[in-house]
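Next comes protein24.tsv, with TSV, C-alpha atoms.
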chain	number	residue	atom	x	y	z
A	1	MET	CA	0.00	0.00	0.00
A	2	LEU	CA	1.40	3.40	-1.01
A	3	ASP	CA	0.46	6.66	0.71
A	4	VAL	CA	0.54	10.08	-0.95
A	5	GLU	CA	4.09	10.97	0.08
A	6	SER	CA	5.45	7.63	-1.12
A	7	ILE	CA	3.79	8.02	-4.50
A	8	HIS	CA	5.30	11.53	-4.95
A	9	LYS	CA	8.77	10.13	-4.31
A	10	LEU	CA	8.48	7.39	-6.97
A	11	PRO	CA	10.06	7.98	-10.41
A	12	TYR	CA	7.82	8.81	-13.31
A	13	HIS	CA	8.38	5.49	-15.15
A	14	VAL	CA	7.98	2.36	-13.03
A	15	PHE	CA	7.58	-1.08	-14.65
A	16	GLY	CA	5.92	0.25	-17.76
A	17	CYS	CA	3.52	2.52	-15.82
A	18	THR	CA	3.34	6.36	-15.85
A	19	ILE	CA	2.56	8.19	-12.62
A	20	LYS	CA	0.81	11.55	-12.85
A	21	GLN	CA	1.79	13.68	-9.91
A	22	ASN	CA	-1.13	16.07	-10.32
A	23	ASN	CA	-4.01	13.75	-9.55
A	24	LEU	CA	-2.03	10.77	-8.08
A	25	SER	CA	-3.50	8.33	-10.63
A	26	LEU	CA	-1.72	5.49	-12.48
A	27	GLU	CA	-2.08	5.03	-16.20
A	28	GLU	CA	-0.74	2.31	-18.39
A	29	SER	CA	2.01	3.56	-20.64
A	30	SER	CA	1.53	3.26	-24.34
A	31	SER	CA	3.19	0.51	-26.26
A	32	THR	CA	5.38	3.08	-27.95
A	33	GLN	CA	8.62	3.65	-26.04
A	34	PRO	CA	9.89	7.19	-25.38
A	35	GLU	CA	12.11	8.77	-27.98
A	36	ASP	CA	15.07	9.18	-25.64
A	37	TYR	CA	14.96	5.46	-24.80
A	38	SER	CA	14.95	4.54	-28.49
A	39	ALA	CA	17.90	6.80	-29.12
A	40	ASP	CA	19.86	5.31	-26.27
A	41	GLU	CA	19.14	1.83	-27.59
A	42	GLU	CA	20.38	2.79	-31.06
A	43	ASN	CA	23.56	4.33	-29.64
A	44	SER	CA	24.20	1.28	-27.50
A	45	SER	CA	23.70	-1.03	-30.49
A	46	GLU	CA	26.18	1.02	-32.52
A	47	ASP	CA	28.79	0.84	-29.76
A	48	LEU	CA	28.67	-2.97	-29.60
A	49	PRO	CA	31.51	-4.62	-31.53
A	50	ASP	CA	30.72	-6.92	-34.38
A	51	GLU	CA	31.12	-10.45	-33.01
A	52	PRO	CA	31.38	-13.43	-35.32
A	53	LEU	CA	28.73	-16.08	-35.16
A	54	ASP	CA	29.47	-19.23	-33.20
A	55	GLN	CA	31.47	-21.68	-35.29
A	56	PRO	CA	31.98	-25.39	-34.58
A	57	LEU	CA	35.22	-26.23	-32.78
A	58	SER	CA	38.00	-27.88	-34.71
A	59	SER	CA	39.53	-31.19	-33.66
A	60	ASP	CA	42.58	-29.40	-32.18
A	61	GLU	CA	40.36	-27.11	-30.13
A	62	VAL	CA	38.36	-30.08	-28.92
A	63	SER	CA	41.60	-31.85	-27.97
A	64	SER	CA	42.81	-28.81	-26.02
A	65	HIS	CA	39.50	-28.36	-24.22
A	66	PHE	CA	38.80	-32.02	-23.48
A	67	PRO	CA	42.08	-33.84	-22.70
A	68	ILE	CA	40.34	-36.07	-20.16
A	69	CYS	CA	37.85	-37.24	-22.76
A	70	LEU	CA	40.68	-38.17	-25.11
A	71	GLN	CA	42.43	-40.11	-22.36
A	72	GLU	CA	39.23	-41.94	-21.59
A	73	LYS	CA	38.78	-42.74	-25.28
A	74	THR	CA	42.33	-44.09	-25.47
A	75	LEU	CA	41.80	-46.25	-22.38
A	76	LEU	CA	38.53	-47.60	-23.78
A	77	LYS	CA	40.25	-48.49	-27.02
A	78	LYS	CA	43.01	-50.33	-25.20
A	79	LEU	CA	40.42	-52.11	-23.06
A	80	SER	CA	38.53	-53.18	-26.19
A	81	GLU	CA	41.73	-54.55	-27.74
A	82	ALA	CA	42.56	-56.41	-24.52
A	83	ASN	CA	39.06	-57.92	-24.42
A	84	GLN	CA	39.38	-59.08	-28.03
A	85	GLN	CA	42.74	-60.67	-27.26
A	86	ASN	CA	41.26	-62.32	-24.20
A	87	ARG	CA	38.39	-63.78	-26.23
A	88	PHE	CA	40.86	-65.08	-28.81
A	89	LEU	CA	42.94	-66.75	-26.10
A	90	LYS	CA	39.82	-68.31	-24.62
A	91	ARG	CA	38.90	-69.79	-28.00
A	92	GLN	CA	42.43	-71.15	-28.37
A	93	LEU	CA	42.21	-72.60	-24.87
A	94	HIS	CA	38.97	-74.40	-25.70
A	95	VAL	CA	40.61	-75.89	-28.81
A	96	MET	CA	43.56	-77.09	-26.74
A	97	GLU	CA	41.22	-78.51	-24.12
A	98	ASP	CA	39.41	-80.55	-26.79
A	99	ALA	CA	42.73	-81.82	-28.16
A	100	LEU	CA	43.82	-82.73	-24.64
A	101	VAL	CA	40.64	-84.71	-24.03
A	102	ASN	CA	41.18	-86.67	-27.25
A	103	PHE	CA	44.81	-87.32	-26.34
A	104	LYS	CA	43.78	-88.58	-22.91
A	105	ARG	CA	41.28	-90.95	-24.54
A	106	GLU	CA	44.00	-92.35	-26.79
A	107	LEU	CA	46.34	-92.76	-23.82
A	108	ALA	CA	43.68	-94.74	-21.99
A	109	VAL	CA	43.48	-97.19	-24.92
A	110	VAL	CA	47.27	-97.54	-25.02
A	111	GLU	CA	47.34	-98.11	-21.27
A	112	LEU	CA	44.90	-101.01	-21.61
A	113	GLU	CA	47.05	-102.52	-24.37
A	114	PHE	CA	50.13	-102.28	-22.19
A	115	GLN	CA	48.31	-103.92	-19.32
A	116	ALA	CA	47.39	-106.87	-21.55
A	117	LEU	CA	50.99	-107.20	-22.79
A	118	VAL	CA	52.38	-107.14	-19.24
A	119	MET	CA	50.04	-109.94	-18.20
A	120	LEU	CA	51.02	-111.94	-21.25
A	121	ALA	CA	54.75	-111.44	-20.62
A	122	GLU	CA	54.30	-112.46	-16.99
A	123	GLU	CA	52.60	-115.66	-18.10
A	124	ILE	CA	55.41	-116.46	-20.55
A	125	ALA	CA	58.07	-115.80	-17.89
A	126	GLN	CA	56.49	-118.47	-15.68
A	127	TYR	CA	56.95	-121.16	-18.31
A	128	GLU	CA	59.95	-123.48	-18.23
A	129	ILE	CA	62.92	-121.75	-19.76
A	130	PRO	CA	64.08	-123.66	-22.86
A	131	GLU	CA	67.69	-124.78	-23.02
A	132	GLY	CA	69.95	-122.40	-24.87
A	133	SER	CA	67.83	-119.30	-24.15
A	134	ARG	CA	70.00	-116.20	-24.08
A	135	LYS	CA	70.19	-113.73	-21.27
A	136	ILE	CA	70.11	-109.92	-21.14
A	137	ASN	CA	71.67	-108.25	-18.11
A	138	GLY	CA	71.70	-111.57	-16.29
A	139	LYS	CA	68.04	-112.34	-17.03
A	140	TYR	CA	66.49	-114.65	-19.54
A	141	ILE	CA	64.77	-112.79	-22.36
A	142	GLN	CA	61.34	-113.85	-21.07
A	143	SER	CA	61.90	-112.21	-17.69
A	144	HIS	CA	63.64	-109.25	-19.31
A	145	LEU	CA	60.64	-108.64	-21.59
A	146	HIS	CA	58.29	-108.77	-18.63
A	147	SER	CA	60.33	-106.27	-16.58
A	148	ARG	CA	60.65	-103.84	-19.54
A	149	LEU	CA	56.93	-103.88	-20.20
A	150	LYS	CA	56.20	-103.18	-16.53
A	151	ALA	CA	58.59	-100.20	-16.58
A	152	LEU	CA	56.89	-98.79	-19.68
A	153	GLN	CA	53.48	-99.30	-18.11
A	154	LYS	CA	54.58	-97.33	-15.04
A	155	LYS	CA	55.87	-94.50	-17.23
A	156	LEU	CA	52.63	-94.44	-19.17
A	157	LYS	CA	50.62	-94.10	-15.96
A	158	GLU	CA	52.73	-91.10	-14.97
A	159	GLN	CA	52.02	-89.46	-18.33
A	160	VAL	CA	48.30	-90.05	-17.85
A	161	LYS	CA	48.55	-88.26	-14.49
A	162	ASP	CA	50.31	-85.33	-16.15
A	163	VAL	CA	47.46	-85.10	-18.64
A	164	ASP	CA	44.95	-85.08	-15.78
A	165	VAL	CA	46.86	-82.20	-14.16
A	166	ALA	CA	46.92	-80.22	-17.42
A	167	GLN	CA	43.22	-80.73	-18.07
A	168	SER	CA	40.80	-78.11	-16.75
A	169	LYS	CA	38.11	-79.08	-14.29
A	170	GLU	CA	34.74	-77.64	-13.39
A	171	VAL	CA	34.99	-75.63	-10.16
A	172	SER	CA	31.90	-74.21	-8.44
A	173	LEU	CA	32.14	-70.81	-6.74
A	174	PHE	CA	29.51	-69.13	-4.59
A	175	TRP	CA	28.92	-66.00	-2.52
A	176	CYS	CA	26.07	-65.60	-0.01
A	177	GLY	CA	24.44	-62.31	0.98
A	178	MET	CA	22.13	-59.54	-0.15
A	179	ALA	CA	23.28	-57.88	-3.37
A	180	GLU	CA	22.18	-56.98	-6.86
A	181	SER	CA	25.36	-57.89	-8.74
A	182	VAL	CA	28.25	-60.19	-7.77
A	183	GLN	CA	31.34	-60.83	-9.87
A	184	VAL	CA	34.37	-62.96	-9.01
A	185	MET	CA	37.79	-61.69	-10.08
A	186	GLY	CA	41.07	-63.50	-9.68
A	187	SER	CA	44.43	-64.67	-10.87
A	188	PHE	CA	42.81	-67.38	-12.99
A	189	ASP	CA	42.56	-64.83	-15.85
A	190	GLY	CA	45.03	-62.21	-14.68
A	191	TRP	CA	42.35	-60.13	-12.88
A	192	SER	CA	41.05	-59.01	-16.29
A	193	GLN	CA	37.39	-59.94	-16.82
A	194	GLY	CA	36.30	-62.33	-14.12
A	195	GLU	CA	32.98	-64.13	-14.08
A	196	HIS	CA	29.47	-62.97	-13.13
A	197	LEU	CA	27.63	-65.08	-10.56
A	198	SER	CA	23.99	-66.03	-11.02
A	199	PRO	CA	21.60	-65.37	-8.09
A	200	GLU	CA	19.61	-68.11	-6.41
A	201	TYR	CA	17.08	-66.77	-3.90
A	202	ASP	CA	16.82	-68.80	-0.71
A	203	GLY	CA	14.79	-67.30	2.10
A	204	SER	CA	16.39	-64.31	3.79
A	205	PHE	CA	19.58	-64.29	1.71
A	206	THR	CA	20.67	-64.83	-1.87
A	207	LYS	CA	23.24	-67.35	-3.04
A	208	PHE	CA	25.26	-66.29	-6.08
A	209	SER	CA	27.07	-69.10	-7.89
A	210	ALA	CA	29.16	-69.73	-11.00
A	211	THR	CA	31.15	-72.56	-12.56
A	212	LEU	CA	34.70	-72.00	-13.79
A	213	MET	CA	36.95	-74.25	-15.87
A	214	LEU	CA	40.28	-74.24	-14.02
A	215	ARG	CA	43.39	-76.37	-14.04
A	216	PRO	CA	44.65	-77.79	-10.75
A	217	GLY	CA	46.57	-75.21	-8.77
A	218	ARG	CA	46.27	-72.32	-6.30
A	219	TYR	CA	44.34	-69.17	-7.26
A	220	GLU	CA	43.69	-65.87	-5.51
A	221	ILE	CA	40.15	-64.55	-5.93
A	222	LYS	CA	38.02	-61.68	-4.66
A	223	PHE	CA	34.35	-60.81	-5.04
A	224	LEU	CA	33.10	-57.54	-6.54
A	225	VAL	CA	29.74	-57.01	-4.83
A	226	ASP	CA	27.71	-54.06	-6.15
A	227	GLY	CA	30.96	-52.36	-7.18
A	228	GLU	CA	32.77	-52.95	-3.85
A	229	TRP	CA	35.53	-55.48	-3.14
A	230	GLN	CA	34.56	-58.05	-0.53
A	231	LEU	CA	35.98	-61.28	0.87
A	232	SER	CA	33.94	-64.42	1.41
A	233	PRO	CA	34.12	-66.21	4.77
A	234	GLU	CA	33.51	-69.48	2.92
A	235	TYR	CA	37.08	-69.54	1.56
A	236	PRO	CA	40.47	-69.19	3.29
A	237	THR	CA	42.34	-65.91	2.92
A	238	ILE	CA	45.89	-65.00	1.98
A	239	GLY	CA	47.76	-61.70	2.28
A	240	GLU	CA	47.07	-58.66	4.43
A	241	GLY	CA	45.38	-55.27	4.04
A	242	LEU	CA	44.57	-54.26	0.49
A	243	THR	CA	46.33	-57.36	-0.86
A	244	GLU	CA	44.19	-59.76	1.18
A	245	ASN	CA	42.31	-62.17	-1.09
A	246	ASN	CA	40.45	-65.43	-0.86
A	247	LEU	CA	42.44	-68.56	-1.68
A	248	LEU	CA	41.01	-71.14	-4.08
A	249	ILE	CA	42.73	-74.53	-4.34
A	250	VAL	CA	41.79	-76.77	-7.27

Is it possible to give me this structure as structure tokens?
Amino acid sequence: MLDVESIHKLPYHVFGCTIKQNNLSLEESSSTQPEDYSADEENSSEDLPDEPLDQPLSSDEVSSHFPICLQEKTLLKKLSEANQQNRFLKRQLHVMEDALVNFKRELAVVELEFQALVMLAEEIAQYEIPEGSRKINGKYIQSHLHSRLKALQKKLKEQVKDVDVAQSKEVSLFWCGMAESVQVMGSFDGWSQGEHLSPEYDGSFTKFSATLMLRPGRYEIKFLVDGEWQLSPEYPTIGEGLTENNLLIV
């Protein structure tokens, strides 16, 4: 609310309204602006320098303004190349695993053949040694053949064990708790990609599990739960502090 004295003190032009001091009434100003205001606007427009219109930035300007973006792009490219190489190595590993399985199957057949030959040589060695039979290293050839076949059979069994060690096995991993996403990382692939665990809801908690193909050995693993590193009490630990990981023995 404005009294008479306050209205007299107001300027003549307020928010597009003209105040008449004679009769203290307010009138809407016309749409036409005063001449002095138009002149000032023209003078101000003449004083403004001519500025060029906005032009798109060049690649060099973008590089200078966004170095972090370029670094991120470079890292993403390297990550993509590493993932492609990792997929290629996985395919090669599957091919080698198939070849190893076939080789193990062939070794099993050879092992059975050797077993039959050893039994046959043992039976021959029990027969009466004919007169004039020659000896090798102080043994008749029948006994020498039996001992050589047994030595070869033992060596073959050791090779079969080596194949078993080189062959990958299915290993089940699990993590229990409440989470939306669980991923296991570890030395089994150089801490590169890891494996996502599938949830299985069981009452008040969720069991996340996955199956890995691993060769016999010792592996360090750690679980990435909703983006945070966590250890599982279900597995033994190794290391201390930031380097503490779960230990997986296959």

Quick one: residues within 6 Å of Met185 (chain A), all atoms listed in the file counted, chain neighbours fewer than 3 positions away excluded, as a list of chain:residue names?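 So, after excluding close chain neighbours, the residues are A:Trp191, A:Gly194, A:Ile221, A:Lys222.
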
Hey, which of A:Gln153, A:Tyr201, A:Asp164, A:Trp175 ends up closest to Phe103 (chain A)? Count only C-alpha atoms. A:Asp164

Have a look at A:Lys157, A:Phe88, A:Tyr140, A:Glu131 and name the one nearest to Val110 (chain A); count all atoms listed in the file.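 The answer is A:Lys157, which sits nearest to Val110 (chain A).
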
Which one of A:Leu93, A:Leu212, A:Leu173, A:Glu228 sits closest to Asn246 (chain A) if you count all atoms listed in the file?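 Nearest candidate to Asn246 (chain A) out of A:Leu93, A:Leu212, A:Leu173, A:Glu228: A:Leu173.
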
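The shell of residues at most 10 Å from region 229-237 of chain A, with all atoms listed in the file counted and near chain neighbours (fewer than 2 positions) removed, consists of Leu173, Phe174, Trp175, Cys176, Gly177, Val182, Gln183, Val184, Met185, Glu220, Ile221, Lys222, Phe223, Leu224, Val225, Asp226, Gly227, Gly239, Glu240, Leu242, Glu244, Asn245, Asn246, Leu247, Leu248 and Ile249 of chain A.
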
Using C-alpha atoms, can you write the selected residues to a file as a compact mmCIF listing (two decimals), in the coordinates of the input?
# COMPACT_ATOMS: atom_id res chain seq x y z
CA LEU A 173 32.14 -70.81 -6.74
CA PHE A 174 29.51 -69.13 -4.59
CA TRP A 175 28.92 -66.00 -2.52
CA CYS A 176 26.07 -65.60 -0.01
CA GLY A 177 24.44 -62.31 0.98
CA VAL A 182 28.25 -60.19 -7.77
CA GLN A 183 31.34 -60.83 -9.87
CA VAL A 184 34.37 -62.96 -9.01
CA MET A 185 37.79 -61.69 -10.08
CA GLU A 220 43.69 -65.87 -5.51
CA ILE A 221 40.15 -64.55 -5.93
CA LYS A 222 38.02 -61.68 -4.66
CA PHE A 223 34.35 -60.81 -5.04
CA LEU A 224 33.10 -57.54 -6.54
CA VAL A 225 29.74 -57.01 -4.83
CA ASP A 226 27.71 -54.06 -6.15
CA GLY A 227 30.96 -52.36 -7.18
CA GLY A 239 47.76 -61.70 2.28
CA GLU A 240 47.07 -58.66 4.43
CA LEU A 242 44.57 -54.26 0.49
CA GLU A 244 44.19 -59.76 1.18
CA ASN A 245 42.31 -62.17 -1.09
CA ASN A 246 40.45 -65.43 -0.86
CA LEU A 247 42.44 -68.56 -1.68
CA LEU A 248 41.01 -71.14 -4.08
CA ILE A 249 42.73 -74.53 -4.34

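Across the model, the gap from CA of Asp162 (chain A) to CA of Arg148 (chain A) is 21.5 Å.
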
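Here CA of Lys169 (chain A) and CA of Gly186 (chain A) stand 16.5 Å from one another.
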
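For the set A:Ile238, A:Ala108, A:Val250, A:Leu197, the residue with the smallest atom-to-atom gap to Pro216 (chain A) is A:Val250, counting only C-alpha atoms.
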
Counting all atoms listed in the file, closest pick from A:Lys161, A:Val118, A:Gly190, A:Ala179 relative to Lys104 (chain A) is A:Lys161

Point-to-point distance from CA of Leu76 (chain A) to CA of His196 (chain A), Å rounded to tenths: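 Taking CA of Leu76 (chain A) and CA of His196 (chain A), their separation equals 20.8 Å.
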